[in-house]
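Undergrad: For reference, this is my_file38.txt, and it has compact mmCIF, C-alpha atoms.
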```
# COMPACT_ATOMS: atom_id res chain seq x y z
CA MET A 1 50.16 -51.37 6.91
CA VAL A 2 51.41 -50.10 3.53
CA GLU A 3 54.49 -52.29 3.97
CA LEU A 4 52.31 -55.31 4.77
CA LEU A 5 50.27 -54.78 1.62
CA ARG A 6 53.38 -54.20 -0.48
CA GLN A 7 54.84 -57.51 0.70
CA ALA A 8 51.52 -59.27 0.16
CA TRP A 9 51.38 -57.97 -3.37
CA ALA A 10 54.93 -59.24 -4.01
CA VAL A 11 53.88 -62.76 -2.97
CA ALA A 12 50.65 -62.61 -4.97
CA ARG A 13 52.45 -61.24 -8.01
CA LYS A 14 55.00 -64.07 -7.85
CA ASP A 15 52.23 -66.70 -7.71
CA LEU A 16 50.18 -65.12 -10.47
CA LEU A 17 53.20 -64.68 -12.72
CA LEU A 18 54.10 -68.32 -12.21
CA GLU A 19 50.54 -69.28 -13.08
CA PHE A 20 50.39 -66.98 -16.07
CA ARG A 21 53.61 -68.42 -17.51
CA THR A 22 52.56 -72.07 -17.27
CA ARG A 23 48.74 -71.79 -17.29
CA THR A 24 48.39 -75.52 -16.54
CA ALA A 25 46.50 -75.21 -13.26
CA ILE A 26 44.13 -72.46 -14.33
CA VAL A 27 43.22 -74.20 -17.58
CA SER A 28 42.71 -77.50 -15.74
CA ALA A 29 40.47 -75.83 -13.16
CA ALA A 30 38.41 -74.07 -15.86
CA VAL A 31 38.00 -77.30 -17.82
CA PHE A 32 37.08 -79.06 -14.60
CA ALA A 33 34.35 -76.45 -13.95
CA ALA A 34 33.00 -76.95 -17.48
CA LEU A 35 32.99 -80.73 -16.99
CA VAL A 36 31.14 -80.51 -13.68
CA LEU A 37 28.50 -78.36 -15.39
CA MET A 38 28.22 -80.97 -18.10
CA VAL A 39 27.91 -83.82 -15.62
CA PHE A 40 25.08 -81.96 -13.89
CA ASN A 41 23.24 -81.81 -17.17
CA PHE A 42 23.21 -85.61 -17.39
CA GLY A 43 22.48 -86.05 -13.71
CA ARG A 44 18.99 -84.56 -13.78
CA ASP A 45 15.67 -85.14 -15.44
CA PRO A 46 14.68 -81.85 -17.15
CA THR A 47 11.05 -82.95 -17.44
CA ALA A 48 10.78 -83.55 -13.68
CA VAL A 49 12.77 -80.69 -12.15
CA ALA A 50 12.76 -77.20 -13.64
CA THR A 51 16.26 -75.92 -14.39
CA ILE A 52 15.62 -72.73 -12.46
CA ASP A 53 15.03 -74.71 -9.25
CA LEU A 54 18.29 -76.57 -9.62
CA ALA A 55 20.35 -73.70 -11.05
CA PRO A 56 21.70 -72.17 -7.79
CA THR A 57 22.87 -75.58 -6.56
CA ILE A 58 24.56 -76.39 -9.86
CA LEU A 59 26.32 -73.04 -9.89
CA TRP A 60 27.64 -73.29 -6.34
CA VAL A 61 28.68 -76.92 -6.37
CA THR A 62 30.67 -76.20 -9.53
CA PHE A 63 32.31 -73.11 -8.04
CA THR A 64 33.26 -74.71 -4.74
CA PHE A 65 34.65 -77.89 -6.30
CA ALA A 66 36.71 -75.92 -8.81
CA ALA A 67 37.91 -73.59 -6.03
CA MET A 68 39.12 -76.52 -3.95
CA LEU A 69 41.31 -77.64 -6.83
CA ALA A 70 42.82 -74.17 -6.89
CA LEU A 71 43.43 -74.09 -3.14
CA ASN A 72 45.43 -77.30 -3.15
CA ARG A 73 47.85 -75.70 -5.52
CA ALA A 74 48.67 -72.64 -3.38
CA PHE A 75 51.20 -74.21 -1.05
CA GLN A 76 51.88 -77.37 -3.00
CA LEU A 77 53.90 -75.38 -5.50
CA GLU A 78 56.08 -74.02 -2.69
CA LEU A 79 57.20 -77.53 -1.79
CA GLU A 80 59.26 -77.86 -4.94
CA ASN A 81 62.93 -77.04 -4.33
CA GLN A 82 61.96 -76.13 -0.76
CA ALA A 83 60.63 -72.79 -1.91
CA LEU A 84 58.55 -72.54 1.27
CA GLU A 85 61.68 -72.50 3.44
CA GLY A 86 63.03 -69.80 1.15
CA LEU A 87 59.91 -67.70 1.70
CA LEU A 88 60.06 -68.23 5.45
CA VAL A 89 63.68 -67.16 5.88
CA SER A 90 63.12 -64.05 3.78
CA PRO A 91 62.22 -60.92 5.78
CA LEU A 92 58.57 -61.42 4.96
CA ASN A 93 55.81 -60.74 7.42
CA ARG A 94 53.71 -63.88 8.00
CA THR A 95 50.44 -61.97 7.63
CA SER A 96 51.67 -60.61 4.31
CA LEU A 97 52.53 -64.10 3.15
CA TYR A 98 48.98 -65.18 3.98
CA TRP A 99 47.42 -62.16 2.30
CA GLY A 100 49.58 -62.67 -0.77
CA LYS A 101 48.45 -66.28 -1.06
CA LEU A 102 44.86 -65.19 -0.43
CA ILE A 103 44.99 -62.55 -3.18
CA ALA A 104 46.52 -65.02 -5.65
CA ASN A 105 43.91 -67.67 -4.78
CA LEU A 106 41.09 -65.15 -5.10
CA ALA A 107 42.35 -64.10 -8.53
CA PHE A 108 42.64 -67.73 -9.55
CA VAL A 109 39.14 -68.63 -8.36
CA ALA A 110 37.73 -65.43 -9.91
CA VAL A 111 39.08 -66.47 -13.31
CA VAL A 112 37.54 -69.93 -12.95
CA GLU A 113 34.22 -68.35 -11.94
CA ALA A 114 34.42 -65.91 -14.83
CA VAL A 115 34.72 -68.88 -17.18
CA GLY A 116 32.14 -70.96 -15.33
CA LEU A 117 29.36 -68.36 -15.14
CA PRO A 118 28.91 -67.79 -18.93
CA LEU A 119 29.06 -71.54 -19.52
CA PHE A 120 26.43 -72.03 -16.84
CA VAL A 121 24.21 -69.42 -18.52
CA LEU A 122 24.77 -71.07 -21.89
CA PHE A 123 24.20 -74.69 -20.78
CA PHE A 124 21.24 -74.12 -18.52
CA ASN A 125 19.67 -71.15 -20.24
CA VAL A 126 19.29 -69.14 -17.05
CA PRO A 127 18.71 -65.45 -17.68
CA VAL A 128 21.18 -63.58 -15.47
CA TRP A 129 21.57 -60.23 -17.24
CA HIS A 130 18.98 -58.40 -15.19
CA VAL A 131 20.58 -59.55 -11.93
CA LEU A 132 24.21 -59.60 -13.01
CA ALA A 133 25.48 -56.89 -10.65
CA PRO A 134 23.94 -58.32 -7.43
CA LEU A 135 24.88 -61.85 -8.54
CA VAL A 136 28.52 -60.87 -8.95
CA GLY A 137 28.33 -59.24 -5.53
CA VAL A 138 26.98 -62.42 -3.93
CA ILE A 139 29.63 -64.53 -5.69
CA ALA A 140 32.37 -62.19 -4.46
CA LEU A 141 31.10 -62.21 -0.86
CA ALA A 142 30.81 -65.99 -0.67
CA THR A 143 34.08 -66.64 -2.51
CA LEU A 144 36.09 -64.38 -0.20
CA GLY A 145 34.89 -66.30 2.84
CA PHE A 146 35.64 -69.81 1.72
CA VAL A 147 38.89 -68.94 -0.07
CA ALA A 148 40.11 -67.25 3.15
CA VAL A 149 39.51 -70.44 5.16
CA GLY A 150 40.78 -72.63 2.32
CA THR A 151 44.06 -70.74 2.01
CA LEU A 152 44.74 -71.21 5.73
CA PHE A 153 43.89 -74.91 5.55
CA SER A 154 46.00 -75.52 2.46
CA ALA A 155 48.97 -74.30 4.50
CA LEU A 156 47.92 -76.67 7.30
CA VAL A 157 47.70 -79.79 5.19
CA VAL A 158 50.65 -79.23 2.89
CA ARG A 159 53.07 -81.14 5.08
CA THR A 160 50.66 -83.94 6.02
CA ARG A 161 50.02 -87.25 4.34
CA PHE A 162 47.21 -87.31 1.74
CA ALA A 163 47.23 -83.50 1.59
CA GLU A 164 44.74 -83.18 -1.30
CA LEU A 165 42.21 -85.50 0.26
CA LEU A 166 42.59 -84.09 3.75
CA LEU A 167 42.03 -80.52 2.54
CA VAL A 168 38.65 -81.44 1.09
CA VAL A 169 37.64 -83.34 4.23
CA ILE A 170 38.47 -80.54 6.66
CA LEU A 171 37.34 -77.70 4.40
CA LEU A 172 33.88 -78.87 3.38
CA PRO A 173 32.24 -78.40 6.81
CA PHE A 174 33.50 -74.81 6.73
CA LEU A 175 31.91 -74.25 3.33
CA VAL A 176 28.42 -74.98 4.64
CA PRO A 177 27.47 -71.54 6.03
CA PRO A 178 28.72 -69.50 3.02
CA LEU A 179 27.38 -72.08 0.59
CA MET A 180 23.99 -72.16 2.30
CA GLY A 181 23.82 -68.37 2.18
CA ALA A 182 25.05 -68.15 -1.41
CA VAL A 183 22.58 -70.75 -2.68
CA GLN A 184 19.64 -69.03 -0.96
CA LEU A 185 20.66 -65.60 -2.26
CA THR A 186 21.23 -66.88 -5.79
CA ALA A 187 17.86 -68.63 -5.78
CA ARG A 188 16.12 -65.38 -4.75
CA LEU A 189 17.97 -63.48 -7.47
CA PHE A 190 17.07 -65.98 -10.19
CA GLY A 191 13.49 -65.97 -8.94
CA GLY A 192 13.35 -62.20 -9.35
CA ARG A 193 12.84 -61.55 -5.64
CA PRO A 194 14.25 -58.41 -4.05
CA LEU A 195 17.45 -58.82 -2.02
CA SER A 196 15.76 -57.09 0.92
CA GLU A 197 13.92 -60.37 1.44
CA VAL A 198 17.13 -62.14 2.36
CA VAL A 199 19.10 -59.50 4.25
CA GLY A 200 19.76 -62.14 6.93
CA TYR A 201 21.82 -64.24 4.53
CA LEU A 202 23.75 -61.21 3.31
CA LYS A 203 24.63 -60.41 6.90
CA LEU A 204 25.64 -64.03 7.45
CA LEU A 205 28.00 -63.93 4.46
CA ALA A 206 29.48 -60.59 5.49
CA ALA A 207 29.98 -61.72 9.10
CA TYR A 208 31.58 -64.95 7.91
CA ASP A 209 34.01 -63.01 5.71
CA ILE A 210 34.99 -60.61 8.48
CA VAL A 211 35.43 -63.32 11.13
CA PHE A 212 37.33 -65.82 9.01
CA VAL A 213 39.58 -63.39 7.13
CA SER A 214 40.69 -61.89 10.48
CA LEU A 215 40.97 -65.27 12.18
CA ALA A 216 43.00 -66.79 9.35
CA SER A 217 45.30 -63.73 9.25
CA ILE A 218 46.03 -64.24 12.95
CA LEU A 219 46.31 -68.02 12.90
CA PHE A 220 48.40 -68.32 9.76
CA ARG A 221 51.76 -67.77 11.45
CA PHE A 222 51.15 -70.82 13.65
CA THR A 223 50.94 -73.02 10.57
CA VAL A 224 54.34 -72.08 9.18
CA ASP A 225 56.53 -71.06 12.15
CA GLU A 226 58.20 -73.54 14.44
CA MET B 1 43.65 -93.90 42.37
CA THR B 2 45.06 -93.40 38.88
CA LEU B 3 43.57 -90.93 36.45
CA ALA B 4 42.15 -93.71 34.30
CA GLN B 5 40.42 -95.28 37.29
CA ARG B 6 39.02 -91.96 38.39
CA GLY B 7 37.66 -91.39 34.88
CA ARG B 8 36.12 -94.86 34.87
CA TRP B 9 34.35 -94.21 38.19
CA ILE B 10 32.95 -90.89 37.05
CA THR B 11 31.69 -92.53 33.86
CA LEU B 12 30.09 -95.41 35.77
CA VAL B 13 28.31 -93.01 38.12
CA ALA B 14 27.13 -90.97 35.12
CA LEU B 15 25.80 -94.08 33.38
CA ALA B 16 23.94 -95.15 36.53
CA LEU B 17 22.44 -91.68 36.80
CA LEU B 18 21.48 -91.82 33.12
CA GLY B 19 19.42 -94.86 34.07
CA ALA B 20 17.83 -92.78 36.82
CA VAL B 21 17.06 -90.01 34.30
CA TYR B 22 15.09 -92.50 32.27
CA VAL B 23 13.26 -93.90 35.25
CA ARG B 24 12.25 -90.36 36.07
CA ALA B 25 11.44 -89.47 32.46
CA LEU B 26 9.28 -92.56 31.88
CA MET B 27 7.56 -92.91 35.26
CA PHE B 28 7.42 -89.48 36.87
CA THR B 29 7.32 -87.00 33.98
CA PRO B 30 4.01 -86.38 32.18
CA LEU B 31 3.46 -87.45 28.58
CA GLU B 32 3.59 -84.70 26.02
CA ARG B 33 0.07 -84.25 24.61
CA MET B 34 0.88 -84.15 20.87
CA GLN B 35 3.99 -86.30 20.58
CA GLY B 36 3.28 -88.93 23.22
CA ALA B 37 6.11 -91.26 24.22
CA ALA B 38 8.35 -90.14 21.36
CA GLN B 39 9.01 -86.89 23.19
CA LYS B 40 10.92 -88.82 25.89
CA ILE B 41 13.92 -88.94 23.57
CA PHE B 42 14.25 -85.20 24.08
CA TYR B 43 15.92 -85.86 27.46
CA ILE B 44 18.86 -87.55 25.73
CA HIS B 45 18.83 -85.73 22.42
CA VAL B 46 19.06 -82.13 23.61
CA PRO B 47 21.70 -82.57 26.38
CA ALA B 48 23.83 -84.57 23.93
CA ALA B 49 23.40 -81.83 21.31
CA ILE B 50 24.42 -79.15 23.81
CA TRP B 51 27.55 -81.10 24.71
CA THR B 52 28.35 -81.77 21.05
CA GLU B 53 28.64 -78.02 20.57
CA GLY B 54 30.13 -77.53 24.04
CA ALA B 55 32.93 -80.02 23.36
CA MET B 56 33.81 -78.14 20.16
CA ILE B 57 33.92 -74.82 22.01
CA LEU B 58 36.13 -76.24 24.79
CA LEU B 59 38.35 -77.79 22.12
CA GLY B 60 38.71 -74.38 20.47
CA LEU B 61 39.46 -72.63 23.76
CA ALA B 62 42.10 -75.26 24.53
CA GLY B 63 43.48 -74.57 21.04
CA ILE B 64 43.81 -70.82 21.67
CA LEU B 65 45.53 -71.41 25.01
CA PHE B 66 47.80 -74.02 23.46
CA LEU B 67 49.01 -71.66 20.74
CA PHE B 68 50.19 -69.24 23.42
CA LEU B 69 51.22 -71.52 26.30
CA LYS B 70 52.48 -74.56 24.33
CA ASP B 71 51.31 -76.78 27.18
CA PRO B 72 50.93 -80.41 25.99
CA ARG B 73 48.17 -80.96 28.56
CA LEU B 74 45.92 -78.64 26.56
CA ASP B 75 46.54 -80.64 23.42
CA ARG B 76 45.72 -83.90 25.19
CA PHE B 77 42.50 -82.34 26.48
CA ALA B 78 41.58 -81.11 22.97
CA GLU B 79 42.10 -84.58 21.52
CA ALA B 80 39.98 -86.17 24.27
CA SER B 81 37.26 -83.55 23.85
CA ALA B 82 37.16 -84.16 20.09
CA GLU B 83 36.66 -87.90 20.49
CA VAL B 84 33.97 -87.49 23.14
CA GLY B 85 32.32 -84.81 20.98
CA THR B 86 32.21 -87.27 18.09
CA VAL B 87 30.43 -89.81 20.31
CA PHE B 88 27.90 -87.21 21.44
CA ALA B 89 27.32 -86.09 17.85
CA THR B 90 26.64 -89.73 16.99
CA ILE B 91 24.09 -89.89 19.83
CA VAL B 92 22.35 -86.78 18.48
CA LEU B 93 22.34 -88.15 14.95
CA THR B 94 20.87 -91.49 16.02
CA THR B 95 18.26 -90.26 18.49
CA GLY B 96 17.10 -87.53 16.07
CA PRO B 97 15.89 -89.90 13.31
CA LEU B 98 14.33 -92.20 15.95
CA TRP B 99 12.15 -89.28 16.99
CA GLY B 100 11.71 -88.01 13.43
CA LYS B 101 10.17 -91.23 12.10
CA PRO B 102 6.98 -91.18 14.24
CA ILE B 103 6.68 -87.38 14.40
CA TRP B 104 7.71 -86.22 10.91
CA GLY B 105 7.12 -89.53 9.15
CA THR B 106 10.66 -89.65 7.87
CA TRP B 107 14.01 -90.70 9.33
CA TRP B 108 16.00 -87.98 7.72
CA THR B 109 15.27 -84.73 5.96
CA TRP B 110 17.75 -82.26 4.50
CA ASP B 111 16.71 -79.66 6.96
CA ALA B 112 19.20 -77.00 8.07
CA ARG B 113 19.38 -78.17 11.64
CA LEU B 114 20.01 -81.80 10.76
CA THR B 115 22.44 -80.88 8.04
CA SER B 116 24.40 -78.60 10.34
CA THR B 117 24.64 -81.27 13.05
CA LEU B 118 25.87 -83.70 10.44
CA PHE B 119 28.51 -81.18 9.40
CA LEU B 120 29.53 -80.69 13.00
CA PHE B 121 30.03 -84.44 13.11
CA PHE B 122 32.19 -84.24 9.99
CA LEU B 123 34.09 -81.35 11.51
CA TYR B 124 35.04 -83.66 14.38
CA VAL B 125 35.93 -86.48 11.99
CA GLY B 126 38.06 -84.10 9.91
CA TYR B 127 39.81 -82.89 13.04
CA LEU B 128 40.62 -86.45 14.12
CA LEU B 129 41.74 -87.42 10.60
CA MET B 130 43.97 -84.36 10.56
CA ARG B 131 45.59 -85.48 13.81
CA GLY B 132 46.16 -88.90 12.31
CA ALA B 133 47.84 -87.46 9.23
CA VAL B 134 50.65 -85.62 11.05
CA ARG B 135 53.39 -87.80 12.55
CA GLU B 136 55.46 -85.28 14.46
CA PRO B 137 53.73 -84.61 17.85
CA GLY B 138 54.69 -80.91 18.10
CA LEU B 139 53.47 -80.15 14.61
CA ARG B 140 50.33 -82.21 15.15
CA ALA B 141 49.42 -80.29 18.29
CA ARG B 142 49.93 -76.93 16.58
CA TYR B 143 47.97 -77.85 13.45
CA ALA B 144 45.19 -79.38 15.51
CA ALA B 145 44.98 -76.22 17.63
CA VAL B 146 44.60 -74.02 14.52
CA LEU B 147 41.85 -76.25 13.15
CA GLY B 148 40.18 -76.41 16.56
CA VAL B 149 40.05 -72.62 16.89
CA CYS B 150 38.49 -72.35 13.42
CA GLY B 151 35.98 -75.04 14.40
CA MET B 152 34.99 -73.12 17.49
CA PHE B 153 34.30 -70.02 15.42
CA LEU B 154 32.24 -72.07 12.98
CA VAL B 155 29.78 -73.18 15.69
CA PRO B 156 27.95 -69.80 15.97
CA PHE B 157 27.62 -69.69 12.17
CA ILE B 158 26.11 -73.14 12.11
CA HIS B 159 23.76 -72.01 14.84
CA LEU B 160 22.90 -68.77 13.03
CA SER B 161 22.13 -70.44 9.72
CA VAL B 162 19.54 -72.55 11.57
CA PHE B 163 17.52 -69.46 12.42
CA LEU B 164 17.60 -68.23 8.82
CA PHE B 165 16.89 -71.44 7.00
CA PRO B 166 13.31 -72.70 6.68
CA THR B 167 13.28 -75.64 9.06
CA LEU B 168 11.12 -78.54 10.15
CA HIS B 169 13.07 -78.92 13.35
CA PRO B 170 11.38 -77.64 16.53
CA GLN B 171 12.69 -74.23 17.50
CA PRO B 172 14.73 -74.16 20.70
CA ILE B 173 12.42 -74.23 23.70
CA ILE B 174 15.01 -73.94 26.46
CA LEU B 175 17.97 -71.98 25.13
CA LYS B 176 16.10 -69.02 23.71
CA PRO B 177 15.91 -65.32 24.54
CA SER B 178 12.62 -65.56 26.45
CA ALA B 179 11.96 -67.88 29.40
CA PRO B 180 11.91 -71.65 28.78
CA SER B 181 8.45 -72.75 27.66
CA LEU B 182 8.47 -76.16 29.27
CA PRO B 183 6.32 -77.39 32.16
CA GLY B 184 8.16 -77.56 35.48
CA THR B 185 8.51 -81.34 35.85
CA MET B 186 9.75 -81.73 32.28
CA LEU B 187 12.27 -78.94 32.78
CA GLU B 188 13.49 -80.57 36.01
CA THR B 189 13.98 -83.94 34.29
CA TRP B 190 15.77 -82.22 31.46
CA LEU B 191 18.09 -80.27 33.77
CA PHE B 192 18.86 -83.49 35.64
CA SER B 193 19.75 -85.11 32.32
CA LEU B 194 21.93 -82.17 31.33
CA GLY B 195 23.82 -82.57 34.60
CA VAL B 196 24.26 -86.29 33.92
CA PHE B 197 25.58 -85.63 30.44
CA THR B 198 28.03 -83.10 31.85
CA LEU B 199 29.28 -85.77 34.23
CA LEU B 200 29.48 -88.25 31.36
CA TYR B 201 31.55 -85.78 29.36
CA VAL B 202 33.93 -85.23 32.28
CA GLY B 203 34.26 -88.98 32.89
CA LEU B 204 34.91 -89.89 29.26
CA VAL B 205 37.36 -87.02 28.70
CA THR B 206 39.29 -87.99 31.85
CA GLN B 207 39.61 -91.57 30.64
CA ARG B 208 40.66 -90.53 27.17
CA TYR B 209 43.20 -88.11 28.63
CA ALA B 210 44.68 -90.95 30.68
CA VAL B 211 45.00 -93.05 27.52
CA SER B 212 46.99 -90.25 25.84
CA LEU B 213 49.31 -90.11 28.85
CA LEU B 214 49.87 -93.88 28.77
CA ARG B 215 50.51 -93.83 25.04
CA GLU B 216 53.07 -91.03 25.37
CA ALA B 217 54.79 -92.83 28.24
CA ARG B 218 55.03 -95.98 26.16
CA GLN B 219 56.43 -94.10 23.21
CA THR B 220 59.17 -92.46 25.25
CA VAL B 221 60.11 -95.73 27.02
CA GLY B 222 59.71 -98.24 24.22
CA GLY B 223 60.53 -95.88 21.37
CA ASP B 224 57.97 -97.55 19.10
CA HIS B 225 55.36 -95.65 17.16
CA ALA B 226 52.23 -97.58 17.96
```
Spit out the file's structure as structure tokens when you get a sec.

TA:
Amino acid sequence: MVELLRQAWAVARKDLLLEFRTRTAIVSAAVFAALVLMVFNFGRDPTAVATIDLAPTILWVTFTFAAMLALNRAFQLELENQALEGLLVSPLNRTSLYWGKLIANLAFVAVVEAVGLPLFVLFFNVPVWHVLAPLVGVIALATLGFVAVGTLFSALVVRTRFAELLLVVILLPFLVPPLMGAVQLTARLFGGRPLSEVVGYLKLLAAYDIVFVSLASILFRFTVDE
Amino acid sequence: MTLAQRGRWITLVALALLGAVYVRALMFTPLERMQGAAQKIFYIHVPAAIWTEGAMILLGLAGILFLFLKDPRLDRFAEASAEVGTVFATIVLTTGPLWGKPIWGTWWTWDARLTSTLFLFFLYVGYLLMRGAVREPGLRARYAAVLGVCGMFLVPFIHLSVFLFPTLHPQPIILKPSAPSLPGTMLETWLFSLGVFTLLYVGLVTQRYAVSLLREARQTVGGDHA
């Protein structure tokens, strides 16, 4: 187990270092998130719909779209110079490879969310301070679930035609349960309702995380091994 | 008799029986007091919905077995099941609005149940697109199996979110923890219809399976990639 985690960290560290040195993808994703937020501002009539009613949707559409950009990148960068083959012939456990990619993707998406959330607060004037801790918890729960599925799928599509487009098409149906839960929970938080009112959704998110992180860890080796 | 012919016969018998279901539903089953004739659509809608989910679950089970046994028959079955599932999802999505217009006063509403069925439909479409995007048959079967297994695990989540989300859709009246709350004759008609849909599924899958066999035979003989 310790060995698995050590290997996973090596993969994640490699990806994050690569990202930190170039910073192209992360900056693009953050700018993309900011632009989506901006587009939302023009796409609504503030006199007809109160911002607070629309806020959870805006937040989650922005996060998921930005996250999908990040997920495409995870295995795409291994195609250059056949780096993926290099990873596969190294004595690396397949589960560790998946976990490494998952950790790197989570870090990447977390940075985008950390940029997106303050901008969201600024643009839409939604008071989040009093619910910041539970909100971050909800974001973390939902993000873990869909990034886990997304990381698996990005390995699936990387060697297909139209990889970027295909990833979005197969991933979006899987985003529905966590997105539905996250939007409901966020709406309750912004509305000042207690979380105890929506325990069902919290359970849904937690169950989704457990099921899909385990499932993806098991299935991943079938996507890379012959 | 070839497999294709056998499939055609089963389908023809199922279609004839589907006619009988409607004779029974229209002539020998009482009118529902509140909904009137619109309720008759229930005898197509619900069996089709059950088989939409059923086809996804069988597809996932075939996927799990395929990953371990590497039997191409399982992959052919999964492909057939996906296409038939798509047809059944289309039936659900067309009969639903037909019922919704007179009863709810609207063709479509962004209700959890409708949305989740629509996403199930897109899950099937994504699965089929994925198959189309991979050229190499071995790789295609493996990738499709991974996606199919994930799809199967998504079905309970889609189902669960329906119970949590505020919904306009009638709650299940047959598949629920307590006894079915449907008058005897209606239940009999419905069970008859469920049997017919099962037969329809078997017939269509058999035919589609035969098509896969023919296509593979042609590819190995002719060497073309039609």

Undergrad: Write out as JSON, numbers by chain each polymer residue whose atoms come within 7 Å of segment 139-151 of chain B, counting all atoms listed in the file; drop sequence neighbours fewer than 2 positions from it.

TA: {"A": [156, 219, 222, 223], "B": [56, 59, 60, 61, 63, 64, 66, 67, 75, 127, 131, 134, 135, 136, 137, 153, 154, 155]}

Undergrad: Please identify all polymer residues within 10 Å of Phe65 of chain A, counting all atoms listed in the file, omitting same-chain residues fewer than 2 positions from it, and present them as number ranges by chain.

TA: A: 29, 32-33, 36, 60-63, 67-70, 168, 172

Undergrad: Do a neighbour search on segment 37-49 of chain A at 12 Å with only C-alpha atoms, toss out local chain neighbours closer than 6 positions, and write the hits as a PyMOL selection string.

TA: chain A and resi 30-31+55-63+65-66+115-125

Undergrad: Write down, as a list in words, each residue of chain B that has any atom within 6 Å of an atom of chain A, counting all atoms listed in the file.

TA: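 On the chain B side, the interface is Phe119, Leu123, Gly126, Ala133 and Val134 of chain B.
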
Undergrad: What is the atom CA of Trp129 of chain A to atom CA of Ser161 of chain B distance in Å?

TA: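 Value for the atom CA of Trp129 of chain A-atom CA of Ser161 of chain B distance: 28.8 Å.
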
Undergrad: Which residues are near Ala8 of chain A? Cut-off 7 Å, all atoms listed in the file, ignore same chain within fewer than 5 positions. Put them as a ChimeraX atom specification.

TA: /A:96-97,99-100

Undergrad: Which neighbours of Arg208 of chain B fall inside 8 Å, counting all atoms listed in the file, when residues of the same chain fewer than 3 positions from it are skipped, and could you give them as an NGL selection string?

TA: :B and (4 or 80 or 204-205 or 211-212)

Undergrad: Hey, can you check how far atom CA of Leu118 of chain B sits from atom CA of Leu26 of chain B?

TA: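 Computed distance, atom CA of Leu118 of chain B to atom CA of Leu26 of chain B, equals 28.5 Å.
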
Undergrad: When distances are computed from only C-alpha atoms, which of B:Trp108, B:Thr189, B:Thr95, B:Ala82 shows the smallest separation from Met130 of chain B?

TA: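 Closest to Met130 of chain B, using only C-alpha atoms: B:Ala82.
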
Undergrad: Using Å and a single decimal, report how far atom CA of Lys40 of chain B sits from atom CA of Thr52 of chain B.

TA: 19.4 Å

Undergrad: Pick from A:Asn93, A:Arg188, A:Ser214, A:Ala25: nearest to Asp53 of chain A, with all atoms listed in the file counted?

TA: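 Of A:Asn93, A:Arg188, A:Ser214, A:Ala25, the one nearest Asp53 of chain A is A:Arg188, counting all atoms listed in the file.
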
Undergrad: Show me that you can extract segment 51-63 of chain B, keeping N, CA and C atoms, and write it as a PDB file, in the first residue's frame.

TA:
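Final output, saved to out_4.pdb:
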```pdb
ATOM      1  N   TRP B  51     -36.815  -1.965 -19.671  1.00  0.00           N
ATOM      2  CA  TRP B  51     -35.817  -2.593 -20.542  1.00  0.00           C
ATOM      3  C   TRP B  51     -34.725  -1.635 -20.987  1.00  0.00           C
ATOM      4  N   THR B  52     -34.979  -0.328 -20.935  1.00  0.00           N
ATOM      5  CA  THR B  52     -33.901   0.628 -21.210  1.00  0.00           C
ATOM      6  C   THR B  52     -32.821   0.477 -20.147  1.00  0.00           C
ATOM      7  N   GLU B  53     -33.267   0.402 -18.887  1.00  0.00           N
ATOM      8  CA  GLU B  53     -32.296   0.214 -17.804  1.00  0.00           C
ATOM      9  C   GLU B  53     -31.749  -1.212 -17.820  1.00  0.00           C
ATOM     10  N   GLY B  54     -32.631  -2.177 -18.099  1.00  0.00           N
ATOM     11  CA  GLY B  54     -32.208  -3.580 -18.127  1.00  0.00           C
ATOM     12  C   GLY B  54     -31.128  -3.826 -19.161  1.00  0.00           C
ATOM     13  N   ALA B  55     -31.279  -3.222 -20.352  1.00  0.00           N
ATOM     14  CA  ALA B  55     -30.295  -3.415 -21.413  1.00  0.00           C
ATOM     15  C   ALA B  55     -28.943  -2.862 -20.986  1.00  0.00           C
ATOM     16  N   MET B  56     -28.955  -1.741 -20.244  1.00  0.00           N
ATOM     17  CA  MET B  56     -27.691  -1.161 -19.775  1.00  0.00           C
ATOM     18  C   MET B  56     -27.034  -2.081 -18.743  1.00  0.00           C
ATOM     19  N   ILE B  57     -27.851  -2.675 -17.871  1.00  0.00           N
ATOM     20  CA  ILE B  57     -27.288  -3.561 -16.851  1.00  0.00           C
ATOM     21  C   ILE B  57     -26.704  -4.828 -17.503  1.00  0.00           C
ATOM     22  N   LEU B  58     -27.431  -5.397 -18.477  1.00  0.00           N
ATOM     23  CA  LEU B  58     -26.903  -6.587 -19.164  1.00  0.00           C
ATOM     24  C   LEU B  58     -25.623  -6.251 -19.935  1.00  0.00           C
ATOM     25  N   LEU B  59     -25.620  -5.048 -20.512  1.00  0.00           N
ATOM     26  CA  LEU B  59     -24.428  -4.588 -21.238  1.00  0.00           C
ATOM     27  C   LEU B  59     -23.223  -4.506 -20.283  1.00  0.00           C
ATOM     28  N   GLY B  60     -23.466  -3.991 -19.080  1.00  0.00           N
ATOM     29  CA  GLY B  60     -22.399  -3.883 -18.089  1.00  0.00           C
ATOM     30  C   GLY B  60     -21.927  -5.246 -17.622  1.00  0.00           C
ATOM     31  N   LEU B  61     -22.877  -6.161 -17.387  1.00  0.00           N
ATOM     32  CA  LEU B  61     -22.497  -7.516 -16.957  1.00  0.00           C
ATOM     33  C   LEU B  61     -21.677  -8.199 -18.051  1.00  0.00           C
ATOM     34  N   ALA B  62     -22.108  -8.032 -19.306  1.00  0.00           N
ATOM     35  CA  ALA B  62     -21.337  -8.595 -20.417  1.00  0.00           C
ATOM     36  C   ALA B  62     -19.941  -7.988 -20.441  1.00  0.00           C
ATOM     37  N   GLY B  63     -19.851  -6.686 -20.098  1.00  0.00           N
ATOM     38  CA  GLY B  63     -18.557  -6.009 -20.050  1.00  0.00           C
ATOM     39  C   GLY B  63     -17.637  -6.625 -19.012  1.00  0.00           C
TER      40      GLY B  63
END
```
